[in-house]
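**Q** The file below is input_36.txt, compact mmCIF, C-alpha atoms:
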```txt
# COMPACT_ATOMS: atom_id res chain seq x y z
CA LEU A 30 58.35 -142.68 -28.11
CA CYS A 31 58.70 -139.44 -30.00
CA LEU A 32 56.26 -139.67 -32.86
CA PRO A 33 54.19 -136.66 -33.95
CA SER A 34 51.01 -138.77 -34.01
CA ARG A 35 51.52 -140.39 -30.56
CA ARG A 36 49.38 -139.02 -27.70
CA LEU A 37 49.40 -139.95 -24.02
CA GLU A 38 45.82 -140.93 -23.14
CA LEU A 39 46.12 -142.22 -19.58
CA GLU A 40 48.65 -143.29 -16.96
CA GLY A 41 48.31 -145.06 -13.64
CA ASN A 42 48.73 -148.16 -11.49
CA LEU A 43 47.38 -151.49 -12.67
CA LEU A 44 47.73 -155.12 -11.71
CA VAL A 45 48.86 -157.07 -14.78
CA SER A 46 48.88 -160.83 -15.35
CA HIS A 47 49.27 -163.08 -18.38
CA SER A 48 46.47 -165.45 -17.34
CA VAL A 49 43.78 -165.88 -14.71
CA LYS A 50 46.00 -168.41 -12.88
CA SER A 51 49.20 -166.33 -12.81
CA LYS A 52 50.03 -164.00 -9.94
CA PRO A 53 49.46 -160.36 -10.96
CA SER A 54 52.31 -157.85 -10.93
CA GLU A 55 51.83 -154.23 -9.97
CA ARG A 56 52.78 -152.00 -12.88
CA TYR A 57 52.59 -148.33 -13.69
CA ILE A 58 51.37 -148.04 -17.26
CA PHE A 59 51.43 -145.27 -19.81
CA LEU A 60 48.60 -145.71 -22.30
CA PHE A 61 49.20 -143.97 -25.60
CA ASN A 62 46.89 -143.97 -28.62
CA ASP A 63 48.95 -146.75 -30.25
CA ILE A 64 50.96 -148.55 -27.50
CA ILE A 65 50.97 -149.39 -23.79
CA LEU A 66 54.24 -149.01 -21.87
CA PHE A 67 54.68 -151.22 -18.81
CA THR A 68 56.93 -149.88 -16.06
CA LYS A 69 57.61 -150.51 -12.40
CA VAL A 70 57.84 -147.60 -9.99
CA SER A 71 61.27 -147.25 -8.37
CA LYS A 72 61.12 -147.77 -4.61
CA SER A 73 64.34 -145.86 -4.05
CA LYS A 74 63.92 -142.79 -6.26
CA THR A 75 60.99 -140.45 -6.75
CA ASN A 76 59.52 -140.09 -10.26
CA GLN A 77 61.68 -142.88 -11.68
CA TYR A 78 60.31 -145.88 -13.55
CA HIS A 79 61.91 -149.16 -14.60
CA TRP A 80 61.05 -150.33 -18.12
CA LYS A 81 59.21 -153.67 -18.18
CA GLY A 82 57.97 -153.77 -21.76
CA PHE A 83 55.38 -152.52 -24.19
CA MET A 84 52.51 -153.74 -26.31
CA SER A 85 51.41 -152.32 -29.63
CA LEU A 86 47.68 -151.71 -29.85
CA ASP A 87 47.55 -152.60 -33.55
CA ASN A 88 45.30 -155.62 -34.14
CA THR A 89 44.18 -155.88 -30.51
CA GLU A 90 40.93 -156.95 -28.91
CA LEU A 91 39.60 -155.43 -25.70
CA ASN A 92 37.28 -157.52 -23.52
CA VAL A 93 35.57 -156.14 -20.43
CA ASN A 94 34.95 -158.47 -17.49
CA LEU A 95 31.30 -158.02 -16.53
CA GLU A 96 31.82 -159.85 -13.21
CA ASP A 97 34.57 -157.42 -12.17
CA PRO A 98 34.00 -153.86 -13.46
CA LEU A 99 37.61 -152.96 -12.64
CA ALA A 100 39.10 -155.71 -14.85
CA PHE A 101 39.62 -155.98 -18.60
CA GLU A 102 41.66 -158.07 -21.04
CA ILE A 103 43.72 -157.11 -24.06
CA THR A 104 44.66 -159.77 -26.61
CA ARG A 105 46.68 -159.38 -29.80
CA SER A 106 44.61 -160.72 -32.69
CA ILE A 107 47.73 -161.80 -34.59
CA ASN A 108 49.51 -163.60 -31.76
CA LYS A 109 47.29 -165.00 -29.01
CA LYS A 110 50.40 -165.32 -26.81
CA ASP A 111 50.24 -161.57 -26.20
CA HIS A 112 47.39 -161.71 -23.71
CA PHE A 113 47.18 -159.50 -20.62
CA ILE A 114 44.60 -159.18 -17.87
CA PHE A 115 44.43 -155.78 -16.17
CA THR A 116 42.82 -154.83 -12.87
CA LEU A 117 42.68 -151.27 -11.63
CA SER A 118 44.48 -150.98 -8.30
```
If you convert what's in this file into structure tokens, what do you get?

**A**
Amino acid sequence: LCLPSRRLELEGNLLVSHSVKSKPSERYIFLFNDIILFTKVSKSKTNQYHWKGFMSLDNTELNVNLEDPLAFEITRSINKKDHFIFTLS
């Protein structure tokens, strides 16, 4: 996480799913200029997060859902398996 060029751009709660049919999971994300960190907020301790994963933003595509202005998709151009649907919660 400690790179001189890395900047925190945004953080907050999102609903994340891997497809339209899968049940979304509530995640707290940290959006940096080059990666997204996925965490889950601890229910037992304040200001503690459980690591759930990350996604590099290199070679990614961002698609906005015009039917739902609070939803967007991120897909890795290299590996279509890395596909996430986000909804602001």

**Q** With distances taken over all atoms listed in the file, which residue among A:Ala100, A:Val93, A:Ile58, A:Leu39 lies nearest A:Tyr78?

**A**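 Going through A:Ala100, A:Val93, A:Ile58, A:Leu39 one by one, the smallest distance to A:Tyr78 is for A:Ile58.
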
**Q** Determine, counting all atoms listed in the file, which protein, DNA and RNA residues have an atom within 6 Å of an atom of stretch 66-68 of chain A; residues of the same chain fewer than 4 positions away are not included. Present the result as a PyMOL selection string.

**A** chain A and resi 56-59+78-83

**Q** Using only C-alpha atoms, which of A:Leu43, A:Leu32, A:Ile103, A:Val70 sits nearest A:Asn88?

**A**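 So, comparing all the options, the nearest one is A:Ile103.
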
**Q** As an exercise, work out the distance from atom CA of A:Asn42 to atom CA of A:Leu60 in Å and give it to one decimal place.

**A**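 For atom CA of A:Asn42 relative to atom CA of A:Leu60, the distance reads 11.1 Å.
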
**Q** Mind pulling up the distance from atom CA of A:Leu99 to atom CA of A:Ile65?

**A**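 Atom CA of A:Leu99 lies at a distance of 17.8 Å from atom CA of A:Ile65.
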
**Q** Is it possible to get the residues within 9 Å of (45.4, -153.6, -33.0) (coordinates as in the file, counting all atoms listed in the file) written as a list of chain:residue names?

**A**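 Every polymer residue passing the test: A:Asp63, A:Ser85, A:Leu86, A:Asp87, A:Asn88, A:Thr89, A:Glu90, A:Thr104, A:Arg105, A:Ser106, A:Ile107.
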
**Q** Would you mind exporting C-alpha atoms of the selected residues as a PDB file, in the frame of the given file?

**A**
```pdb
ATOM      1  CA  ASP A  63      48.950-146.750 -30.250  1.00  0.00           C
ATOM      2  CA  SER A  85      51.410-152.320 -29.630  1.00  0.00           C
ATOM      3  CA  LEU A  86      47.680-151.710 -29.850  1.00  0.00           C
ATOM      4  CA  ASP A  87      47.550-152.600 -33.550  1.00  0.00           C
ATOM      5  CA  ASN A  88      45.300-155.620 -34.140  1.00  0.00           C
ATOM      6  CA  THR A  89      44.180-155.880 -30.510  1.00  0.00           C
ATOM      7  CA  GLU A  90      40.930-156.950 -28.910  1.00  0.00           C
ATOM      8  CA  THR A 104      44.660-159.770 -26.610  1.00  0.00           C
ATOM      9  CA  ARG A 105      46.680-159.380 -29.800  1.00  0.00           C
ATOM     10  CA  SER A 106      44.610-160.720 -32.690  1.00  0.00           C
ATOM     11  CA  ILE A 107      47.730-161.800 -34.590  1.00  0.00           C
TER      12      ILE A 107
END
```

**Q** What does the distance between atom CA of A:Phe101 and atom CA of A:Ser71 come to in Å, to one decimal place?

**A**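 Distance reported for this atom pair: 25.5 Å.
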
**Q** Closest to A:Cys31 among A:Phe61, A:Gln77, A:Val45, A:Glu96, using only C-alpha atoms?

**A**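 For A:Cys31, the nearest of the given residues is A:Phe61.
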